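Here is the structure we will look at.
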Amino acid sequence: MSARYPFTAIVGMDDLRLALLLNAVSPQVGGVLVRGEKGTAKSTMVRALAGLLPSIATVAGCRFACDPAGPDPQCPDGPHDLSVVRERPTRLVELPVGVSEDRIVGSLDLERALAEGVKAYEPGLLAAAHRGVLYIDEVNLLNDHLVDLLLDAAAMGQSYVEREGVSVRHAARFLLVGTMNPEEGELRPQLLDRFGLTVEVAATREPVERAEVVRRRLAYDADPDGFAERWTQPEKELAQRITTARELLPSVVLGDGALRQITAVCAAFEVDGLRADIVMARTAVALAAWAGRTEVLAEDVRTAARLALPHRRRRNPFDAPGLDDEKLEETLEQSAGEDPEPEPDPDGPDDPGPDHDGGGPDGPSDGGQDAPSDGDGGPSAEQPRGAPVPPQPAAPAASPYRTRLLTVPGTGEGASGRRSRARTDTGGHTVRAARPTGALQRLHLAATIQAAAPHQLARGRDSRALRLRRDDFREQVREGRESNLVLFVVDASGSMAARQRMSAVKGAVLSLLMDAYQRRDKVGMITFRGAEAVLALPPTSSVEVGAARLEQLPTGGRTPLAAGLLRAHETLRLERLRDPRRRPLLVLVTDGRATGGPNALPDARRAAQLLAAQGTAAVVVDCESGPVRLGLAAELALHLGGEAVRLDELAADSMTGMIRTIQREAA
């Protein structure tokens, strides 16, 4: 096996380096979430960290790495013979994206538990990671219930396996590190908050640094062992510094002044709960120990805030993580009070304040010439044949709201989520029992006993124990919710371009995007105007990108409705090949009009029938307004084989929307 890439050989990424080292000094900090674009050596640095950590002493023969100095009294492998001790390197355990719950927490042999009355337990990855590092690459792609399970174990330091009245518990304390590419979707704010620190990483734009990265990587690839040998001394020195900081950590004092600054900063940035205060305090103490001090200074609080708060400030799912440095400095200065601290801070608060005036909102000025009228036939009316289609200025989106639930009919088998009904191996509720087709996963106890009971006399049962055979066992069939691909097809033509109406349409789509974010869906967006339909957002898990594209959506020109539906048909055809288990939901946002020739409307209806023949679930959001309504969108929904919902009925708290939701759930 090739030597690991040395931690000290990695160029740049100082924040990530510091965050990982602080967790190595004090695992109670709570782990690190590393956010960044692909190809930035996130995984390389995490894997290199394990080589710096001190080796650990374990009880010989214990599969749970019990510490001889304080073995777990409830260890499944106990009681232990403490006379035999072995020392081994700290483990780095990597969690695959497609991992199952049983692989994480371990599994019980339920057949032996019932037939023989023994607890046969096979440890999982949490047991292997105890007293080591648990690394989750692409943590944002894991199912939510698995992320919850991992973070709960990290917070409690224990893992539990509960199956049909049989339970096993073991210690699980580890340094948790997750990496993710935000372009592939965000974690829920509740899960973000469970990571102690977060770091944003990006590839350097300096040619000299980039050249050094390439030079070192090529040297490592050519001779991994020789390259690692050249960095042996820096690695030893850094490992020794970690050990020294760990020993100093219990002696570090968090004074009242520093604690007041921590709580003032958390209050100023309006973070929810008190976890941020606790994490900041632990991080500041670890920073002091790393610096070789026994007292926490303001500079430690400042650095702790920059690592512990950015991911906790998201007030909206589409808000980017970040921290206002100017506000941080102002809060630290105000909360310092009368505690003079000897902080050698060259970045003192010498900024007189904001260097700009109120200025007004971003975007086009309200000069009148770029504001279309509110009527349907305003400046965005159809252009003469052959004339260019100038886009109208992008209208701002109205405030988002909670939408009614749109679902795909039937029962699917897609990825775990929160939208449509689906058969699932995890979560949900039990709907029936079935014979297992492979290894028994979730025992249906009542059905198993019922299947075995009629055969007990024939099998010569002569005791209280059941005589079970393989054919008797039944497992649970569960039904929960799946995530879907929600493909938005948005009419951006002249008939929709009235500023007030387009703002309402954008607000509706933004609300549906937020709903898709909360339900863990993939999303895509097609827009059509002028003479063509454009795939503005290829299907992705990054709902935030969809919100950004929507905000800049131009409007005006003809209404090529057929082109939009045909582009949707082709997009969904390709997605079925890539991910056949994920069922799509087409959301068409239009007033139903189609222009561009005498056959524009018949062509659109034929395209709709093509999607219906494909079996695509569809919802048409009818944006038609005014006293005279043609009902074209509702007619189009019939050709799609879907449902039509008026724009003002989309909100969950609208009376019509509530009645339809109740009727659907009752069915």
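Following the order of the structure tokens, chains are lettered A, B, ..., residues in each are numbered from 1, and ligands are numbered from 1.
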
Exercise for review: Quick one: everything within 8 Å of Pro6 (chain A), counting only C-alpha atoms, minus sequence neighbours fewer than 2 positions away in the same chain. Send it as a ChimeraX atom specification.
Suggested key: /A:4,8-10,48,51,228,231,235

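Using only C-alpha atoms, the residues found no farther than 12 Å from Arg567 (chain A), other than those of its own chain fewer than 6 positions away, are Leu487, Phe488, Val489, Val490, Gly524, Met525, Ile526, Thr527, Phe528, Glu532, Ala533, Val534, Leu535, Ala536, Pro538, Pro560, Leu561, Arg573, Leu574, Leu586, Ala604, Ala607, Ala608, Leu610 and Leu611 of chain A.
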
Restricting the output to C-alpha atoms, write the selected residues as a short mmCIF file (atom, residue, chain, number, x, y, z; two decimals), in the first residue's frame.
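And here's result.cif as it stands now:
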data_model
loop_
_atom_site.label_atom_id
_atom_site.label_comp_id
_atom_site.auth_asym_id
_atom_site.auth_seq_id
_atom_site.Cartn_x
_atom_site.Cartn_y
_atom_site.Cartn_z
CA LEU A 487 -38.83 19.56 -13.37
CA PHE A 488 -40.11 23.12 -13.65
CA VAL A 489 -41.16 24.31 -17.12
CA VAL A 490 -41.65 28.07 -16.85
CA GLY A 524 -34.43 21.07 -12.98
CA MET A 525 -35.74 24.10 -14.83
CA ILE A 526 -36.71 24.73 -18.45
CA THR A 527 -37.74 28.18 -19.63
CA PHE A 528 -39.33 29.04 -22.94
CA GLU A 532 -36.87 28.34 -28.21
CA ALA A 533 -36.87 26.46 -24.93
CA VAL A 534 -33.73 26.45 -22.80
CA LEU A 535 -32.64 23.98 -20.12
CA ALA A 536 -31.77 26.73 -17.65
CA PRO A 538 -29.99 20.64 -15.62
CA PRO A 560 -43.19 28.46 -27.83
CA LEU A 561 -45.16 26.20 -25.50
CA ARG A 573 -36.03 10.62 -21.08
CA LEU A 574 -32.34 11.11 -20.35
CA LEU A 586 -43.46 17.97 -14.14
CA ALA A 604 -48.45 22.06 -27.72
CA ALA A 607 -46.41 17.47 -27.03
CA ALA A 608 -48.46 17.26 -23.83
CA LEU A 610 -46.44 12.66 -25.63
CA LEU A 611 -45.50 13.37 -22.01
#

Could you please write out, as a short mmCIF file (atom, residue, chain, number, x, y, z; two decimals) with N, CA and C atoms, in the first residue's frame, every residue of region 154-242 of chain A that DSSP assigns to helix (DSSP H, G or I)?
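The new file out.cif reads:
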data_model
loop_
_atom_site.label_atom_id
_atom_site.label_comp_id
_atom_site.auth_asym_id
_atom_site.auth_seq_id
_atom_site.Cartn_x
_atom_site.Cartn_y
_atom_site.Cartn_z
N ALA A 154 -22.28 10.77 17.37
CA ALA A 154 -21.14 11.65 17.66
C ALA A 154 -21.41 12.52 18.88
N ALA A 155 -22.66 12.98 19.03
CA ALA A 155 -23.00 13.85 20.15
C ALA A 155 -23.04 13.09 21.47
N MET A 156 -23.56 11.86 21.46
CA MET A 156 -23.72 11.08 22.69
C MET A 156 -22.52 10.21 23.01
N PRO A 182 -21.11 22.02 -2.47
CA PRO A 182 -22.42 22.68 -2.40
C PRO A 182 -23.19 22.65 -3.71
N GLU A 183 -22.51 22.49 -4.84
CA GLU A 183 -23.20 22.43 -6.12
C GLU A 183 -24.11 21.21 -6.22
N GLU A 184 -23.86 20.20 -5.39
CA GLU A 184 -24.65 18.97 -5.44
C GLU A 184 -25.75 18.95 -4.39
N PRO A 189 -30.41 22.93 7.52
CA PRO A 189 -29.81 23.74 8.59
C PRO A 189 -29.72 23.00 9.91
N GLN A 190 -30.70 22.12 10.22
CA GLN A 190 -30.64 21.37 11.47
C GLN A 190 -29.43 20.45 11.51
N LEU A 191 -29.04 19.91 10.37
CA LEU A 191 -27.88 19.03 10.32
C LEU A 191 -26.58 19.83 10.27
N LEU A 192 -26.61 20.97 9.58
CA LEU A 192 -25.43 21.83 9.57
C LEU A 192 -25.03 22.22 10.98
N PRO A 207 -0.96 31.60 -9.62
CA PRO A 207 -0.24 30.63 -10.47
C PRO A 207 0.94 29.96 -9.76
N VAL A 208 1.65 30.72 -8.91
CA VAL A 208 2.82 30.15 -8.24
C VAL A 208 2.39 29.03 -7.30
N GLU A 209 1.33 29.26 -6.52
CA GLU A 209 0.85 28.24 -5.60
C GLU A 209 0.30 27.04 -6.35
N ARG A 210 -0.44 27.28 -7.43
CA ARG A 210 -0.98 26.19 -8.22
C ARG A 210 0.14 25.32 -8.80
N ALA A 211 1.21 26.00 -9.23
CA ALA A 211 2.34 25.25 -9.78
C ALA A 211 2.99 24.37 -8.72
N GLU A 212 3.08 24.89 -7.49
CA GLU A 212 3.68 24.10 -6.41
C GLU A 212 2.80 22.90 -6.05
N VAL A 213 1.46 23.08 -6.09
CA VAL A 213 0.55 21.96 -5.85
C VAL A 213 0.78 20.86 -6.88
N VAL A 214 0.84 21.25 -8.14
CA VAL A 214 1.04 20.26 -9.21
C VAL A 214 2.40 19.59 -9.07
N ARG A 215 3.43 20.37 -8.76
CA ARG A 215 4.78 19.83 -8.64
C ARG A 215 4.83 18.75 -7.55
N ARG A 216 4.25 19.05 -6.39
CA ARG A 216 4.27 18.08 -5.29
C ARG A 216 3.43 16.85 -5.60
N ARG A 217 2.31 17.05 -6.26
CA ARG A 217 1.47 15.90 -6.57
C ARG A 217 2.16 14.97 -7.57
N LEU A 218 2.81 15.53 -8.56
CA LEU A 218 3.52 14.70 -9.53
C LEU A 218 4.67 13.94 -8.86
N ALA A 219 5.35 14.61 -7.92
CA ALA A 219 6.44 13.96 -7.20
C ALA A 219 5.91 12.81 -6.34
N TYR A 220 4.75 13.00 -5.73
CA TYR A 220 4.16 11.94 -4.91
C TYR A 220 3.72 10.77 -5.78
N ASP A 221 3.08 11.06 -6.91
CA ASP A 221 2.62 9.98 -7.78
C ASP A 221 3.79 9.16 -8.31
N ALA A 222 4.93 9.82 -8.57
CA ALA A 222 6.09 9.12 -9.12
C ALA A 222 6.75 8.21 -8.07
N PRO A 224 5.60 7.54 -4.11
CA PRO A 224 4.87 7.86 -2.87
C PRO A 224 5.70 7.68 -1.61
N ASP A 225 6.42 6.59 -1.51
CA ASP A 225 7.19 6.33 -0.30
C ASP A 225 8.35 7.32 -0.15
N GLY A 226 9.04 7.58 -1.25
CA GLY A 226 10.14 8.54 -1.19
C GLY A 226 9.67 9.94 -0.86
N PHE A 227 8.52 10.33 -1.44
CA PHE A 227 7.97 11.66 -1.15
C PHE A 227 7.60 11.77 0.32
N ALA A 228 6.93 10.74 0.85
CA ALA A 228 6.53 10.76 2.26
C ALA A 228 7.76 10.79 3.17
N GLU A 229 8.81 10.13 2.79
CA GLU A 229 10.03 10.11 3.59
C GLU A 229 10.62 11.50 3.73
N ARG A 230 10.54 12.30 2.68
CA ARG A 230 11.10 13.66 2.74
C ARG A 230 10.33 14.56 3.70
N THR A 232 9.00 13.40 6.60
CA THR A 232 8.90 12.69 7.88
C THR A 232 9.11 13.62 9.07
N GLN A 233 10.13 14.45 9.01
CA GLN A 233 10.44 15.31 10.14
C GLN A 233 9.34 16.34 10.42
N PRO A 234 8.85 17.08 9.40
CA PRO A 234 7.72 17.99 9.67
C PRO A 234 6.49 17.26 10.23
N GLU A 235 6.25 16.04 9.75
CA GLU A 235 5.10 15.29 10.26
C GLU A 235 5.29 14.94 11.73
N LYS A 236 6.49 14.54 12.11
CA LYS A 236 6.76 14.21 13.51
C LYS A 236 6.60 15.43 14.40
N GLU A 237 7.10 16.56 13.93
CA GLU A 237 7.00 17.79 14.73
C GLU A 237 5.54 18.20 14.93
N LEU A 238 4.72 18.07 13.87
CA LEU A 238 3.32 18.44 14.00
C LEU A 238 2.58 17.46 14.91
N ALA A 239 2.90 16.18 14.80
CA ALA A 239 2.28 15.18 15.68
C ALA A 239 2.63 15.44 17.14
N GLN A 240 3.86 15.83 17.38
CA GLN A 240 4.27 16.13 18.75
C GLN A 240 3.54 17.37 19.28
N ARG A 241 3.31 18.34 18.40
CA ARG A 241 2.60 19.54 18.84
C ARG A 241 1.15 19.20 19.20
N ILE A 242 0.53 18.26 18.47
CA ILE A 242 -0.82 17.82 18.82
C ILE A 242 -0.83 17.19 20.21
#

In Å and to one decimal, CA of Ala286 (chain A) is distant from CA of Gly36 (chain A) by 24.5 Å

| said: Set the distance at 12 Å and use only C-alpha atoms: which residues neighbour region 633-644 of chain A once local chain neighbours fewer than 3 positions away are removed? I'd like the list as number ranges by chain. | reply: A: 406-409, 491, 561-562, 565, 569, 585-594, 601-625, 629-630, 647-650, 657, 660, 664

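Taking CA of Val59 (chain A) as the reference point, CA of Arg173 (chain A) is found at 16.2 Å.
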
Across A:Arg529, A:Arg469, A:Arg188, A:Arg306, the smallest distance to Ala276 (chain A), with only C-alpha atoms counted, is shown by A:Arg306

Those of region 172-265 of chain A in DSSP strand (DSSP E or B), formatted as a VMD selection string: chain A and resid 174 to 180 197 to 201 253

Output for the residues just chosen: all heavy atoms as a short mmCIF file (atom, residue, chain, number, x, y, z; two decimals), in the first residue's frame:
data_model
loop_
_atom_site.label_atom_id
_atom_site.label_comp_id
_atom_site.auth_asym_id
_atom_site.auth_seq_id
_atom_site.Cartn_x
_atom_site.Cartn_y
_atom_site.Cartn_z
N PHE A 174 -15.62 9.55 18.29
CA PHE A 174 -14.73 9.68 17.14
C PHE A 174 -14.70 11.14 16.68
O PHE A 174 -15.56 11.94 17.05
CB PHE A 174 -15.21 8.79 15.99
CG PHE A 174 -16.70 8.87 15.74
CD1 PHE A 174 -17.25 9.90 14.99
CD2 PHE A 174 -17.54 7.90 16.27
CE1 PHE A 174 -18.61 9.97 14.79
CE2 PHE A 174 -18.91 7.97 16.07
CZ PHE A 174 -19.45 9.00 15.32
N LEU A 175 -13.68 11.43 15.90
CA LEU A 175 -13.57 12.75 15.27
C LEU A 175 -14.34 12.66 13.95
O LEU A 175 -13.98 11.89 13.06
CB LEU A 175 -12.09 13.09 15.02
CG LEU A 175 -11.72 14.52 14.66
CD1 LEU A 175 -10.20 14.69 14.77
CD2 LEU A 175 -12.14 14.91 13.25
N LEU A 176 -15.42 13.43 13.83
CA LEU A 176 -16.28 13.37 12.66
C LEU A 176 -15.89 14.45 11.65
O LEU A 176 -15.85 15.63 11.98
CB LEU A 176 -17.74 13.56 13.08
CG LEU A 176 -18.78 13.54 11.95
CD1 LEU A 176 -18.81 12.18 11.28
CD2 LEU A 176 -20.15 13.90 12.50
N VAL A 177 -15.61 14.02 10.43
CA VAL A 177 -15.27 14.96 9.36
C VAL A 177 -16.14 14.64 8.15
O VAL A 177 -16.20 13.49 7.70
CB VAL A 177 -13.78 14.87 8.96
CG1 VAL A 177 -13.47 15.91 7.89
CG2 VAL A 177 -12.89 15.07 10.17
N GLY A 178 -16.84 15.64 7.65
CA GLY A 178 -17.64 15.48 6.44
C GLY A 178 -17.19 16.45 5.38
O GLY A 178 -16.81 17.59 5.68
N THR A 179 -17.20 16.02 4.13
CA THR A 179 -16.89 16.90 3.02
C THR A 179 -18.08 16.93 2.07
O THR A 179 -18.84 15.96 1.98
CB THR A 179 -15.63 16.45 2.25
OG1 THR A 179 -15.83 15.12 1.76
CG2 THR A 179 -14.42 16.48 3.14
N MET A 180 -18.24 18.03 1.36
CA MET A 180 -19.36 18.16 0.44
C MET A 180 -19.06 19.22 -0.61
O MET A 180 -18.28 20.14 -0.38
CB MET A 180 -20.64 18.54 1.19
CG MET A 180 -20.56 19.86 1.96
SD MET A 180 -22.12 20.34 2.71
CE MET A 180 -22.99 20.98 1.27
N LEU A 197 -17.50 22.75 13.47
CA LEU A 197 -16.89 23.81 12.68
C LEU A 197 -17.18 23.58 11.20
O LEU A 197 -17.50 22.46 10.78
CB LEU A 197 -15.37 23.83 12.89
CG LEU A 197 -14.86 23.83 14.33
CD1 LEU A 197 -13.34 23.83 14.35
CD2 LEU A 197 -15.41 25.01 15.11
N THR A 198 -17.08 24.63 10.44
CA THR A 198 -17.20 24.51 9.00
C THR A 198 -16.13 25.36 8.33
O THR A 198 -15.73 26.40 8.87
CB THR A 198 -18.59 24.94 8.50
OG1 THR A 198 -18.72 24.63 7.12
CG2 THR A 198 -18.79 26.43 8.66
N VAL A 199 -15.68 24.90 7.19
CA VAL A 199 -14.63 25.60 6.44
C VAL A 199 -15.00 25.59 4.96
O VAL A 199 -15.42 24.55 4.43
CB VAL A 199 -13.26 24.93 6.63
CG1 VAL A 199 -12.20 25.63 5.80
CG2 VAL A 199 -12.86 24.93 8.10
N GLU A 200 -14.89 26.73 4.32
CA GLU A 200 -15.06 26.83 2.88
C GLU A 200 -13.68 26.75 2.23
O GLU A 200 -12.77 27.49 2.61
CB GLU A 200 -15.72 28.16 2.50
CG GLU A 200 -17.12 28.36 3.05
CD GLU A 200 -18.18 27.72 2.17
OE1 GLU A 200 -17.86 27.37 1.01
OE2 GLU A 200 -19.32 27.56 2.65
N VAL A 201 -13.53 25.85 1.27
CA VAL A 201 -12.24 25.73 0.59
C VAL A 201 -12.44 25.95 -0.90
O VAL A 201 -13.48 25.62 -1.47
CB VAL A 201 -11.59 24.35 0.84
CG1 VAL A 201 -11.28 24.16 2.29
CG2 VAL A 201 -12.47 23.23 0.33
N VAL A 253 -7.73 28.11 30.86
CA VAL A 253 -8.80 28.79 31.60
C VAL A 253 -9.60 29.67 30.65
O VAL A 253 -9.04 30.49 29.91
CB VAL A 253 -8.21 29.66 32.73
CG1 VAL A 253 -9.33 30.43 33.44
CG2 VAL A 253 -7.44 28.79 33.72
#

- Message: Using only C-alpha atoms for the distances, tell me which of A:Val431, A:Ala516, A:Ala395, A:Val296 is nearest to Ala504 (chain A).
- Response: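 Of A:Val431, A:Ala516, A:Ala395, A:Val296, the one nearest Ala504 (chain A), counting only C-alpha atoms, is A:Ala395.
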
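The gap separating CA of Ala336 (chain A) from CA of Ile262 (chain A) is 10.2 Å, in Å to one decimal.
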
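For Val265 (chain A), the set of protein, DNA and RNA residues having any atom at most 7 Å away, when counting only C-alpha atoms and skipping those fewer than 4 positions along the same chain, is A:Gln261, A:Phe269, A:Leu328, A:Thr331, A:Leu332.
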
Grab the residues selected above and save them as an mmCIF file, in the first residue's frame with N, CA and C atoms.
data_model
loop_
_atom_site.group_PDB
_atom_site.id
_atom_site.type_symbol
_atom_site.label_atom_id
_atom_site.label_comp_id
_atom_site.auth_asym_id
_atom_site.auth_seq_id
_atom_site.Cartn_x
_atom_site.Cartn_y
_atom_site.Cartn_z
ATOM 1 N N GLN A 261 -17.577 37.587 25.680
ATOM 2 C CA GLN A 261 -17.426 37.882 24.256
ATOM 3 C C GLN A 261 -18.064 36.796 23.397
ATOM 4 N N PHE A 269 -25.218 37.648 16.255
ATOM 5 C CA PHE A 269 -25.459 37.018 14.962
ATOM 6 C C PHE A 269 -26.737 36.173 14.960
ATOM 7 N N LEU A 328 -18.514 41.363 13.396
ATOM 8 C CA LEU A 328 -17.790 40.565 14.386
ATOM 9 C C LEU A 328 -16.824 41.426 15.177
ATOM 10 N N THR A 331 -18.703 43.737 17.566
ATOM 11 C CA THR A 331 -19.246 43.036 18.729
ATOM 12 C C THR A 331 -18.154 42.682 19.726
ATOM 13 N N LEU A 332 -17.013 42.229 19.217
ATOM 14 C CA LEU A 332 -15.897 41.895 20.106
ATOM 15 C C LEU A 332 -15.430 43.129 20.873
#
